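Next comes target_22.cif, with mmCIF, C-alpha atoms.
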data_run
loop_
_atom_site.group_PDB
_atom_site.id
_atom_site.type_symbol
_atom_site.label_atom_id
_atom_site.label_comp_id
_atom_site.auth_asym_id
_atom_site.auth_seq_id
_atom_site.Cartn_x
_atom_site.Cartn_y
_atom_site.Cartn_z
ATOM 1 C CA MET A 109 214.833 252.425 126.927
ATOM 2 C CA ILE A 110 211.203 252.142 125.790
ATOM 3 C CA ILE A 111 210.502 253.298 122.237
ATOM 4 C CA ASP A 112 207.187 255.034 121.487
ATOM 5 C CA ILE A 113 205.990 253.510 118.201
ATOM 6 C CA GLY A 114 202.942 255.781 118.017
ATOM 7 C CA ASN A 115 199.917 254.184 116.370
ATOM 8 C CA LYS A 116 201.590 250.850 115.606
ATOM 9 C CA CYS A 117 200.600 247.597 117.310
ATOM 10 C CA THR A 118 203.178 246.498 119.873
ATOM 11 C CA GLU A 119 202.758 242.855 118.777
ATOM 12 C CA CYS A 120 202.428 242.844 114.966
ATOM 13 C CA PHE A 121 203.629 246.428 114.276
ATOM 14 C CA LYS A 122 200.708 247.105 111.908
ATOM 15 C CA ASP A 123 199.224 250.602 111.782
ATOM 16 C CA THR A 124 196.257 251.163 114.145
ATOM 17 C CA SER A 125 195.628 254.824 113.291
ATOM 18 C CA PHE A 126 192.237 256.171 112.226
ATOM 19 C CA GLY A 127 191.473 254.997 108.697
ATOM 20 C CA SER A 128 193.780 251.964 108.892
ATOM 21 C CA GLY A 129 190.953 249.503 109.559
ATOM 22 C CA ARG A 130 192.500 248.650 112.939
ATOM 23 C CA PHE A 131 191.481 251.768 114.880
ATOM 24 C CA VAL A 132 188.313 250.294 116.393
ATOM 25 C CA ASN A 133 188.971 248.078 119.452
ATOM 26 C CA ARG A 134 192.645 249.051 119.729
ATOM 27 C CA ILE A 135 193.878 249.469 123.295
ATOM 28 C CA PRO A 136 196.959 251.202 124.713
ATOM 29 C CA SER A 137 199.802 248.727 125.111
ATOM 30 C CA GLY A 138 203.337 248.642 126.373
ATOM 31 C CA THR A 139 206.057 246.009 126.384
ATOM 32 C CA ASP A 140 209.617 245.980 127.683
ATOM 33 C CA LYS A 141 210.713 247.588 124.405
ATOM 34 C CA TYR A 142 207.746 249.422 122.874
ATOM 35 C CA GLU A 143 204.849 251.693 123.744
ATOM 36 C CA GLY A 144 201.908 251.987 121.367
ATOM 37 C CA TYR A 145 198.634 250.134 120.883
ATOM 38 C CA LEU A 146 197.417 246.552 120.640
ATOM 39 C CA CYS A 147 195.208 245.869 117.603
ATOM 40 C CA SER A 148 192.055 243.772 117.889
ATOM 41 C CA GLU A 149 193.618 240.849 115.997
ATOM 42 C CA CYS A 150 196.442 240.589 118.549
ATOM 43 C CA GLN A 151 193.948 240.825 121.449
ATOM 44 C CA MET A 152 191.949 237.796 120.309
ATOM 45 C CA ILE A 153 191.935 234.689 122.478
ATOM 46 C CA GLU A 154 191.299 231.116 121.298
ATOM 47 C CA CYS A 155 188.076 229.518 122.506
ATOM 48 C CA ASP A 156 188.746 226.267 124.398
ATOM 49 C CA LYS A 157 185.534 224.745 123.025
ATOM 50 C CA CYS A 158 185.588 225.563 119.275
ATOM 51 C CA ASP A 159 189.205 226.779 118.783
ATOM 52 C CA LYS A 160 188.076 230.009 117.056
ATOM 53 C CA LEU A 161 189.714 233.326 117.901
ATOM 54 C CA SER A 162 187.422 235.841 119.588
ATOM 55 C CA LEU A 163 187.448 239.253 121.254
ATOM 56 C CA GLU A 164 184.193 238.464 123.064
ATOM 57 C CA TYR A 165 184.564 235.638 125.567
ATOM 58 C CA ILE A 166 183.895 234.483 129.110
ATOM 59 C CA ILE A 167 186.062 232.548 131.526
ATOM 60 C CA THR A 168 184.071 229.654 132.930
ATOM 61 C CA ASP A 169 184.107 228.497 136.559
ATOM 62 C CA ASN A 170 186.714 225.854 135.726
ATOM 63 C CA GLY A 171 188.977 228.397 133.976
ATOM 64 C CA SER A 172 188.099 227.531 130.371
ATOM 65 C CA ILE A 173 187.716 230.327 127.842
ATOM 66 C CA TRP A 174 184.539 230.190 125.752
ATOM 67 C CA CYS A 175 183.633 232.567 122.934
ATOM 68 C CA ASP A 176 180.162 234.125 122.991
ATOM 69 C CA ASP A 177 178.983 231.709 120.267
ATOM 70 C CA CYS A 178 179.822 228.686 122.431
ATOM 71 C CA ASN A 179 178.429 230.331 125.531
ATOM 72 C CA GLY A 180 175.129 231.039 123.768
ATOM 73 C CA VAL A 181 175.251 234.792 124.328
ATOM 74 C CA LEU A 182 173.249 236.761 121.790
ATOM 75 C CA ILE A 183 174.529 240.212 120.926
#
Rewrite the coordinates I just gave you, this time as structure tokens.
Amino acid sequence: MIIDIGNKCTECFKDTSFGSGRFVNRIPSGTDKYEGYLCSECQMIECDKCDKLSLEYIITDNGSIWCDDCNGVLI
């Protein structure tokens, strides 16, 4: 049975509701046990070049993950 945890993150269980500081960049998420959202912190992926966590990244031709800073993308 899947449990709806509302506005909580399905990974860290922190509140992602409006005003929590985690509302922006949250995405709907579901696991084998829970249905809710995934906060931006839990969505971050480690850059293979600089080891920093980032939400903004590319996957290179050889399959490496590079953050926008390492890729040279200006926002």
Tell me, as a ChimeraX atom specification, which residues lie within 12 Å of A:Ile167, counting all atoms listed in the file; anything in the same chain fewer than 6 positions away does not count. /A:153-157,173-176,178-179
Please provide as a count of residues only all residues within 10 Å of A:Ile113, with the sequence filter that same-chain residues fewer than 6 positions apart are discarded (counting all atoms listed in the file). 8
What separation in Å, quoted to one decimal, exists between atom CA of A:Cys147 and atom CA of A:Phe131? 7.5 Å
Point (199.0, 253.4, 117.1) neighbourhood (12 Å, only C-alpha atoms) written as a ChimeraX atom specification: /A:112-138,142-148
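When atom CA of A:Glu149 is paired with atom CA of A:Asp169, their separation reads 25.8 Å.
A straight line drawn from atom CA of A:Leu163 to atom CA of A:Ile111 is 27.0 Å long.
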6 Å per side around stretch 131-141 of chain A: axis-aligned box centre and edge lengths, as lines of an AutoDock Vina configuration file:
center_x = 199.5
center_y = 248.9
center_z = 121.3
size_x = 34.4
size_y = 17.8
size_z = 24.8
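With distances restricted to only C-alpha atoms, A:Thr139 is the closest residue to A:Ile110 from A:Thr139, A:Met152, A:Ser172, A:Gly180.
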